[in-house]
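Student: This one is entry.txt, compact mmCIF, C-alpha atoms and all ligand atoms.
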# COMPACT_ATOMS: atom_id res chain seq x y z
CA MET A 1 -5.21 -35.61 -41.34
CA ARG A 2 -5.65 -33.34 -44.31
CA ARG A 3 -2.56 -31.45 -45.35
CA GLU A 4 -4.15 -28.05 -44.83
CA LEU A 5 -4.72 -28.80 -41.19
CA ILE A 6 -1.10 -28.87 -40.19
CA ASP A 7 -0.04 -25.50 -38.97
CA ILE A 8 0.00 -25.71 -35.21
CA THR A 9 3.32 -24.49 -33.86
CA MET A 10 4.96 -25.01 -30.49
CA GLU A 11 4.54 -21.29 -29.87
CA ASP A 12 0.77 -21.66 -30.28
CA VAL A 13 0.81 -24.45 -27.75
CA LEU A 14 3.10 -22.77 -25.22
CA ASP A 15 0.81 -19.76 -25.22
CA ARG A 16 -1.99 -21.92 -23.96
CA VAL A 17 -0.64 -24.45 -21.48
CA ARG A 18 0.98 -24.45 -18.07
CA LEU A 19 4.44 -25.92 -17.90
CA THR A 20 7.45 -25.26 -15.70
CA VAL A 21 10.39 -24.23 -17.80
CA LEU A 22 13.68 -24.66 -15.91
CA LYS A 23 16.34 -23.88 -18.46
CA GLN A 24 16.73 -22.85 -21.98
CA ARG A 25 19.54 -23.65 -24.32
CA GLY A 26 19.16 -22.21 -27.80
CA ASN A 27 15.66 -23.01 -28.89
CA GLU A 28 15.34 -25.97 -26.58
CA LEU A 29 13.45 -25.69 -23.33
CA ASN A 30 14.08 -27.99 -20.41
CA CYS A 31 10.84 -28.51 -18.50
CA LEU A 32 9.39 -30.57 -15.71
CA CYS A 33 7.52 -33.43 -17.31
CA PRO A 34 4.00 -33.24 -15.88
CA TYR A 35 3.81 -37.03 -16.01
CA CYS A 36 6.99 -38.29 -14.47
CA ASP A 37 9.03 -35.49 -12.86
CA GLU A 38 8.71 -34.62 -9.20
CA PRO A 39 8.03 -30.93 -8.60
CA HIS A 40 10.94 -28.77 -7.38
CA ARG A 41 13.54 -30.60 -9.41
CA ARG A 42 16.34 -28.51 -10.84
CA GLU A 43 16.36 -30.31 -14.10
CA GLY A 44 13.46 -31.94 -15.88
CA HIS A 45 13.29 -34.74 -18.37
CA LEU A 46 11.04 -32.99 -20.83
CA TYR A 47 12.70 -31.19 -23.73
CA ILE A 48 10.76 -28.93 -26.06
CA ASN A 49 12.20 -27.56 -29.26
CA VAL A 50 10.42 -24.32 -30.06
CA VAL A 51 11.65 -24.11 -33.63
CA LYS A 52 11.36 -27.75 -34.63
CA ASP A 53 7.97 -27.91 -32.87
CA THR A 54 8.83 -31.18 -31.14
CA PHE A 55 8.97 -32.52 -27.59
CA ILE A 56 10.42 -35.57 -25.89
CA CYS A 57 10.60 -36.78 -22.32
CA HIS A 58 13.74 -38.80 -21.71
CA LYS A 59 12.20 -40.54 -18.72
CA CYS A 60 8.69 -41.60 -19.67
CA GLY A 61 9.35 -41.54 -23.39
CA ARG A 62 6.39 -39.38 -24.34
CA GLN A 63 7.21 -37.50 -27.53
CA GLY A 64 5.71 -35.90 -30.57
CA ASN A 65 4.81 -32.63 -32.23
CA ALA A 66 3.23 -29.45 -30.92
CA LEU A 67 -0.34 -30.63 -31.41
CA GLN A 68 0.36 -33.90 -29.64
CA LEU A 69 1.84 -32.02 -26.69
CA TYR A 70 -1.25 -29.88 -26.44
CA ALA A 71 -3.50 -32.94 -26.64
CA LEU A 72 -1.51 -34.63 -23.88
CA LEU A 73 -1.54 -31.64 -21.56
CA THR A 74 -5.22 -30.91 -22.03
CA GLY A 75 -6.34 -34.54 -21.89
CA GLN A 76 -7.91 -34.56 -25.32
CA ASP A 77 -7.31 -36.62 -28.42
CA THR A 78 -5.48 -34.82 -31.21
CA LYS A 79 -8.66 -34.31 -33.19
CA GLU A 80 -10.37 -32.44 -30.37
CA ALA A 81 -7.15 -30.61 -29.55
CA TYR A 82 -6.82 -29.51 -33.14
CA LYS A 83 -10.39 -28.24 -33.22
CA GLU A 84 -9.83 -26.14 -30.15
CA LEU A 85 -6.48 -24.72 -31.25
CA ALA A 86 -7.50 -24.06 -34.84
CA GLN A 87 -10.47 -22.09 -33.62
CA GLU A 88 -8.41 -19.98 -31.25
CA ILE A 89 -5.56 -19.39 -33.66
CA SER A 90 -7.74 -18.43 -36.59
CA SER A 91 -9.70 -16.02 -34.43
CA GLY A 92 -6.44 -14.39 -33.46
CA LEU A 93 -6.76 -15.16 -29.76
CA ARG A 94 -3.60 -15.60 -27.79
CA ARG A 95 -4.14 -16.90 -24.33
CA LEU A 96 -0.99 -16.16 -22.48
CA HIS A 97 0.03 -18.37 -19.63
CA HIS A 98 3.10 -17.97 -17.54
CA ILE A 99 5.52 -19.89 -19.64
CA GLN A 100 8.80 -18.13 -19.36
CA TYR A 101 11.01 -18.62 -22.31
CA LYS A 102 12.63 -16.38 -24.81
CA LEU A 103 12.61 -17.31 -28.40
CA GLN A 104 16.04 -17.12 -29.95
CA TYR A 105 14.40 -15.78 -33.03
CA THR A 106 11.56 -13.35 -33.62
CA SER A 107 8.71 -13.95 -36.02
CA GLN A 108 10.81 -11.97 -38.50
CA GLN A 109 13.50 -14.57 -38.28
CA LYS A 110 10.97 -17.19 -39.18
CA ASN A 111 11.68 -15.49 -42.49
CA ILE A 112 8.37 -13.96 -43.30
CA ALA A 113 8.85 -11.83 -46.41
CA THR A 114 8.52 -8.03 -46.21
CA PRO A 115 5.13 -6.37 -46.84
CA GLU A 116 6.43 -5.24 -50.25
CA GLU A 117 7.41 -8.77 -51.24
CA ARG A 118 4.19 -10.29 -49.94
CA ASN A 119 2.18 -7.65 -51.78
CA LYS A 120 3.85 -8.43 -55.10
CA VAL A 121 3.39 -12.17 -54.78
CA TYR A 122 -0.20 -12.08 -53.51
CA ARG A 123 -1.27 -9.65 -56.24
CA GLU A 124 0.12 -11.82 -59.02
CA PHE A 125 -1.14 -14.95 -57.27
CA LEU A 126 -4.71 -13.66 -57.09
CA LYS A 127 -4.60 -12.81 -60.80
CA LEU A 128 -3.85 -16.46 -61.54
CA LEU A 129 -6.78 -17.74 -59.50
CA GLU A 130 -10.48 -17.70 -60.29
CA LEU A 131 -13.56 -17.03 -58.23
CA SER A 132 -16.04 -19.89 -58.32
CA GLU A 133 -19.68 -19.13 -59.06
CA GLU A 134 -20.63 -20.39 -55.61
CA HIS A 135 -18.20 -18.00 -53.91
CA LYS A 136 -19.28 -15.11 -56.09
CA GLN A 137 -22.91 -15.74 -55.15
CA ASP A 138 -21.95 -15.75 -51.49
CA LEU A 139 -20.29 -12.34 -51.83
CA LEU A 140 -23.21 -10.89 -53.81
CA ARG A 141 -25.61 -12.14 -51.16
CA ARG A 142 -23.56 -10.27 -48.55
CA GLY A 143 -24.17 -7.00 -50.37
CA LEU A 144 -21.13 -6.45 -52.59
CA SER A 145 -21.51 -5.59 -56.27
CA GLU A 146 -19.83 -7.53 -59.07
CA ILE A 147 -17.41 -4.66 -59.58
CA ALA A 148 -16.56 -4.43 -55.89
CA ILE A 149 -15.93 -8.15 -55.82
CA ARG A 150 -13.53 -7.82 -58.74
CA VAL A 151 -11.76 -4.77 -57.31
CA LYS A 152 -11.29 -6.35 -53.88
CA GLY A 153 -9.83 -9.44 -55.50
CA TYR A 154 -11.51 -12.35 -53.70
CA LYS A 155 -10.51 -15.68 -55.25
CA THR A 156 -11.19 -19.38 -54.75
CA LEU A 157 -8.22 -21.17 -53.22
CA PHE A 158 -9.29 -24.76 -53.70
CA VAL A 159 -7.29 -25.75 -56.78
CA GLY A 160 -6.03 -29.16 -57.96
CA LYS A 161 -2.38 -30.01 -57.44
CA GLU A 162 -1.24 -29.80 -61.05
CA LYS A 163 -2.73 -26.35 -61.43
CA ARG A 164 -1.22 -25.27 -58.12
CA LEU A 165 2.29 -26.27 -59.15
CA GLU A 166 1.76 -24.51 -62.46
CA ILE A 167 0.68 -21.31 -60.70
CA CYS A 168 3.77 -21.45 -58.50
CA ARG A 169 6.01 -21.94 -61.53
CA THR A 170 4.36 -18.99 -63.26
CA LEU A 171 4.98 -16.79 -60.22
CA GLN A 172 8.62 -17.79 -60.17
CA GLU A 173 8.96 -17.15 -63.90
CA LYS A 174 7.76 -13.63 -63.17
CA GLY A 175 10.81 -13.30 -60.95
CA LEU A 176 8.90 -13.63 -57.68
CA SER A 177 10.32 -15.60 -54.77
CA LEU A 178 7.85 -17.67 -52.76
CA GLU A 179 10.29 -17.93 -49.90
CA GLY A 180 8.77 -16.46 -46.75
CA ILE A 181 5.29 -16.03 -48.21
CA PRO A 182 2.67 -17.50 -45.86
CA GLY A 183 0.50 -20.12 -47.53
CA PHE A 184 3.20 -21.33 -49.90
CA PHE A 185 5.49 -24.24 -49.17
CA LYS A 186 8.12 -26.38 -50.81
CA HIS A 187 7.63 -30.15 -51.01
CA LYS A 188 10.48 -31.79 -49.18
CA SER A 189 10.73 -34.66 -51.62
CA THR A 190 10.69 -32.76 -54.92
CA TRP A 191 11.53 -29.18 -53.82
CA GLU A 192 8.62 -27.99 -55.91
CA TRP A 193 6.67 -24.98 -54.68
CA ASP A 194 3.00 -25.44 -53.87
CA PHE A 195 0.35 -23.66 -51.84
CA ILE A 196 -2.25 -24.92 -49.41
CA PRO A 197 -5.60 -25.47 -51.13
CA TYR A 198 -7.87 -24.23 -48.38
CA ARG A 199 -11.49 -25.03 -49.12
CA GLY A 200 -12.77 -21.52 -49.32
CA TYR A 201 -12.02 -18.14 -50.84
CA ALA A 202 -9.20 -15.71 -50.21
CA ILE A 203 -9.87 -12.26 -48.78
CA PRO A 204 -6.95 -9.88 -49.36
CA VAL A 205 -5.82 -8.11 -46.19
CA ARG A 206 -4.42 -4.66 -46.93
CA ASN A 207 -2.31 -2.32 -44.87
CA LEU A 208 -2.62 1.45 -44.82
CA ASN A 209 -0.55 1.72 -47.98
CA GLY A 210 -2.93 -0.58 -49.82
CA GLN A 211 -0.40 -3.41 -49.90
CA ILE A 212 -1.79 -6.93 -49.66
CA VAL A 213 0.11 -8.22 -46.65
CA GLY A 214 -1.85 -11.39 -46.03
CA LEU A 215 -4.84 -13.43 -47.09
CA GLN A 216 -7.66 -14.55 -44.90
CA VAL A 217 -9.70 -17.52 -45.97
CA ARG A 218 -13.45 -17.71 -45.65
CA MET A 219 -13.90 -21.46 -45.16
CA ASP A 220 -16.68 -23.30 -47.02
CA GLU A 221 -17.42 -25.61 -44.15
CA PRO A 222 -16.66 -23.66 -41.03
CA ALA A 223 -16.41 -26.68 -38.78
CA PHE A 224 -13.80 -25.06 -36.58
CA SER A 225 -14.04 -21.43 -37.50
CA LYS A 226 -15.25 -19.40 -40.43
CA TYR A 227 -11.95 -17.68 -41.05
CA ARG A 228 -8.37 -18.83 -41.16
CA TRP A 229 -5.13 -17.27 -42.30
CA PHE A 230 -3.60 -18.42 -45.56
CA SER A 231 -0.64 -20.00 -43.83
CA SER A 232 1.87 -22.80 -44.17
CA ALA A 233 3.76 -24.36 -41.29
CA ASN A 234 7.50 -24.65 -41.34
CA SER A 235 7.50 -28.12 -39.87
CA GLY A 236 7.47 -31.00 -42.32
CA ASP A 237 7.61 -29.30 -45.67
CA VAL A 238 9.13 -25.86 -45.78
CA GLY A 239 6.55 -23.11 -45.47
CA THR A 240 5.84 -19.88 -43.63
CA PRO A 241 3.26 -19.34 -40.91
CA ALA A 242 1.06 -16.27 -41.32
CA GLU A 243 1.12 -13.36 -38.94
CA ALA A 244 -2.03 -11.57 -37.90
CA ASN A 245 -2.61 -8.27 -39.69
CA LEU A 246 -5.40 -5.79 -39.52
CA HIS A 247 -7.15 -4.67 -42.69
CA VAL A 248 -7.55 -1.08 -43.86
CA THR A 249 -10.11 -0.60 -46.63
CA SER A 250 -8.73 2.77 -47.79
CA ARG A 251 -7.42 6.07 -46.47
CA PRO A 252 -10.30 8.22 -45.20
CA ASP A 253 -11.09 11.40 -47.09
CA ASP A 254 -13.32 12.82 -44.34
CA GLY A 255 -11.16 12.07 -41.31
CA VAL A 256 -13.56 9.40 -40.00
CA VAL A 257 -12.44 5.81 -39.43
CA TYR A 258 -14.73 2.96 -38.49
CA VAL A 259 -13.32 -0.01 -36.60
CA THR A 260 -14.95 -3.42 -36.61
CA GLU A 261 -14.07 -7.08 -36.10
CA GLY A 262 -13.57 -9.01 -39.31
CA VAL A 263 -11.78 -8.37 -42.58
CA LEU A 264 -14.62 -9.24 -44.93
CA LYS A 265 -17.06 -7.38 -42.71
CA ALA A 266 -14.89 -4.28 -43.01
CA ASP A 267 -14.92 -4.57 -46.82
CA ILE A 268 -18.68 -4.98 -47.02
CA ALA A 269 -19.54 -2.27 -44.51
CA SER A 270 -17.10 0.10 -46.19
CA TYR A 271 -18.67 -0.58 -49.56
CA LEU A 272 -22.23 -0.10 -48.29
CA LEU A 273 -21.50 3.01 -46.24
CA GLY A 274 -18.78 4.59 -48.36
CA LYS A 275 -16.51 5.06 -45.35
CA THR A 276 -13.06 3.86 -44.31
CA PHE A 277 -13.12 0.74 -42.17
CA ILE A 278 -10.38 -0.98 -40.25
CA GLY A 279 -11.10 -4.68 -39.72
CA LEU A 280 -9.42 -6.43 -36.82
CA PRO A 281 -8.90 -10.12 -37.61
CA GLY A 282 -10.19 -10.92 -34.12
CA VAL A 283 -11.56 -8.68 -31.40
CA GLY A 284 -8.57 -9.54 -29.24
CA SER A 285 -5.84 -9.19 -31.83
CA CYS A 286 -3.76 -6.48 -33.49
CA HIS A 287 -4.50 -3.81 -30.87
CA LYS A 288 -0.98 -2.40 -31.12
CA GLN A 289 -1.17 -2.33 -34.90
CA LEU A 290 -4.47 -0.49 -34.58
CA VAL A 291 -2.92 2.29 -32.54
CA GLU A 292 0.04 2.55 -34.90
CA VAL A 293 -2.19 2.80 -37.97
CA LEU A 294 -4.48 5.34 -36.31
CA LYS A 295 -1.46 7.46 -35.37
CA GLN A 296 -0.53 7.56 -39.03
CA ILE A 297 -4.06 8.41 -40.15
CA GLN A 298 -4.72 10.97 -37.40
CA PRO A 299 -8.50 10.68 -37.75
CA LYS A 300 -10.87 13.35 -36.47
CA LEU A 301 -13.18 10.65 -35.19
CA ILE A 302 -13.04 6.89 -34.67
CA VAL A 303 -16.32 5.01 -34.75
CA LEU A 304 -16.39 1.62 -33.05
CA ALA A 305 -18.88 -0.65 -34.81
CA PHE A 306 -18.65 -4.05 -33.11
CA ASP A 307 -21.21 -6.84 -33.32
CA MET A 308 -24.37 -6.23 -31.34
CA ASP A 309 -23.87 -9.32 -29.19
CA TYR A 310 -20.83 -7.70 -27.53
CA ARG A 311 -22.65 -7.52 -24.21
CA GLU A 312 -23.31 -11.25 -24.05
CA LYS A 313 -19.84 -12.24 -25.12
CA LYS A 314 -17.42 -11.73 -22.26
CA GLU A 315 -14.40 -11.92 -24.51
CA VAL A 316 -15.77 -9.24 -26.82
CA ALA A 317 -16.94 -6.95 -24.02
CA PHE A 318 -13.54 -7.25 -22.36
CA ASN A 319 -11.59 -6.46 -25.51
CA LEU A 320 -13.87 -3.62 -26.46
CA GLU A 321 -13.15 -1.97 -23.12
CA LYS A 322 -9.45 -2.55 -23.70
CA ILE A 323 -9.62 -0.89 -27.09
CA LYS A 324 -11.53 2.09 -25.70
CA LYS A 325 -8.99 2.53 -22.94
CA MET A 326 -6.15 2.37 -25.41
CA LEU A 327 -7.76 4.93 -27.71
CA ALA A 328 -8.39 7.26 -24.79
CA GLU A 329 -4.81 6.91 -23.55
CA ASN A 330 -3.54 7.86 -26.98
CA GLY A 331 -5.77 10.92 -27.14
CA PHE A 332 -8.08 9.75 -29.91
CA LYS A 333 -11.65 10.96 -30.18
CA PHE A 334 -14.00 8.00 -30.52
CA LYS A 335 -17.55 6.81 -30.06
CA GLN A 336 -19.28 3.46 -30.18
CA ILE A 337 -22.36 3.02 -32.33
CA THR A 338 -25.17 0.52 -31.89
CA TRP A 339 -28.09 -0.48 -34.06
CA ASP A 340 -31.14 -2.73 -34.17
CA ARG A 341 -30.14 -5.86 -32.29
CA GLU A 342 -31.88 -7.99 -34.86
CA PHE A 343 -28.81 -7.44 -37.01
CA LYS A 344 -25.63 -8.74 -35.51
CA GLY A 345 -22.95 -7.13 -37.63
CA ILE A 346 -22.71 -3.60 -39.01
CA ASP A 347 -22.62 -5.20 -42.48
CA ASP A 348 -25.91 -7.03 -41.86
CA TYR A 349 -27.52 -3.83 -40.67
CA LEU A 350 -26.27 -1.71 -43.56
CA LEU A 351 -27.44 -4.33 -46.04
CA HIS A 352 -30.87 -4.32 -44.42
CA LEU A 353 -31.02 -0.53 -44.75
CA LYS A 354 -30.05 -0.69 -48.39
CA GLN A 355 -32.66 -3.34 -49.15
CA THR A 356 -35.49 -1.50 -47.39
CA GLN A 357 -34.54 1.75 -49.16
CA LYS A 358 -34.71 -0.08 -52.46
CA ARG A 359 -38.12 -1.51 -51.61
CA SER A 360 -39.58 1.87 -50.64
CA ALA A 361 -38.08 3.64 -53.63
ZN ZN B 401 8.02 -37.81 -18.67
Translate this file's structure into structure tokens.
Ligand SMILES: [Zn+2]
Tutor:
Amino acid sequence: MRRELIDITMEDVLDRVRLTVLKQRGNELNCLCPYCDEPHRREGHLYINVVKDTFICHKCGRQGNALQLYALLTGQDTKEAYKELAQEISSGLRRLHHIQYKLQYTSQQKNIATPEERNKVYREFLKLLELSEEHKQDLLRRGLSEIAIRVKGYKTLFVGKEKRLEICRTLQEKGLSLEGIPGFFKHKSTWEWDFIPYRGYAIPVRNLNGQIVGLQVRMDEPAFSKYRWFSSANSGDVGTPAEANLHVTSRPDDGVVYVTEGVLKADIASYLLGKTFIGLPGVGSCHKQLVEVLKQIQPKLIVLAFDMDYREKKEVAFNLEKIKKMLAENGFKFKQITWDREFKGIDDYLLHLKQTQKRSA
């Protein structure tokens, strides 16, 4: 398995499976083993450690990591299980089942650095990276200008190990701590800092204050999903898992905020239309954050610009209704816009408009 693939946590798995949790001590859950325990027992043989991301059954001997547990419970091999999980996680979906347990830590206690700290590190980090010609061409093709590409700060993440270690040393020499920064990790054997060389380019995710709070990765070969978070697991070597964040392109100067699904899409559409866009990392994620950010902006109007296939996609249609309900409950004025169905995303449509204008001019 390639190094970059390992960031499935027990939390990810517990969100998506059915298990009977009987007791909890610290971060260890005592569960009924679905293989060897009779139902209605008071104590099971299966122990799951939510922080160490491990499980073991003291009766049948099944044991392993989070991914292996998921594979076992869903009857897949780990490769298939990984595919499925990676896709769901990177799209920001959280399928909640009825697993009752309380984490003895919050995601904060997983030591993710503050937005200020992440912003400082990611800004310096991006300066030390380059954008490959191939990635630049991809961004130009999507409708961004060379200047916009530079300003937004997209960079190629696939870098050789020596260069990676050098970049990490440079960051530390600048007085920056890589502790708690998703995507970076410390090798257990040498204690050297490194980052995960995702095969793709980084898309900075900014909060309302313009701070870069996370990086999304546009993958070169989207076998599982096109986008992933720049993230490092804290099992094995010592890293930090990413948290989902929504992306705000800028503060609006006309009181109008567009909302769409996708960080890069938000950047492109914002550039082409000259409006403020908020990009949700997934249609089902960051809804609370969305309301919080909108409360701070107090927009006159919110324009929902979701992909034109929303009607066919149950998941999207469902979440769109949820968002509308939430906006209404919070007293926001909003409308949904649609366009020629030939163009799926608002970015595709705006690019089409720009190109036809150019041709007729
Ligand atoms: Zn068992």
Student: At a cut-off of 7 Å around ligand ZN 401 (chain B), and using only C-alpha atoms and all ligand atoms, what residues come up? Please write them as a PyMOL selection string.
Tutor: chain A and resi 33-37+45-46+57-62
Student: Let me make sure I understand: among A:Glu179, A:Glu312, A:Asp77, A:Glu192, which one has the smallest atom-to-atom distance to A:Pro241 if we use all atoms listed in the file?
Tutor: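 Residue with the minimum atom-to-atom distance to A:Pro241: A:Glu179.
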Student: Quick one, how far is atom CA of A:Ile323 from atom CA of A:Leu290?
Tutor: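 That distance, rounded to one decimal, is 9.1 Å.
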Student: Figure out the distance between atom CA of A:Leu304 and atom CA of A:Lys335, please, to one decimal in Å.
Tutor: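 If I compute the distance from atom CA of A:Lys335 to atom CA of A:Leu304, I get 6.1 Å.
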Student: What gap, in Å, lies between atom CA of A:Ile8 and atom CA of A:Ile278?
Tutor: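 The value is 27.3 Å.
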Student: Nearest to A:Glu162: which of A:Gln211, A:Glu315, A:Ser231, A:Pro197 is it, counting only C-alpha atoms?
Tutor: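 Closest to A:Glu162, using only C-alpha atoms: A:Pro197.
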Student: Show me, as a compact mmCIF listing (two decimals) with C-alpha atoms, in the coordinates of the input, the residues that have an atom within 8 Å of A:Arg341 when counting all atoms listed in the file, minus same-chain residues fewer than 2 positions from it.
Tutor:
# COMPACT_ATOMS: atom_id res chain seq x y z
CA MET A 308 -24.37 -6.23 -31.34
CA ASP A 309 -23.87 -9.32 -29.19
CA TRP A 339 -28.09 -0.48 -34.06
CA PHE A 343 -28.81 -7.44 -37.01
CA LYS A 344 -25.63 -8.74 -35.51
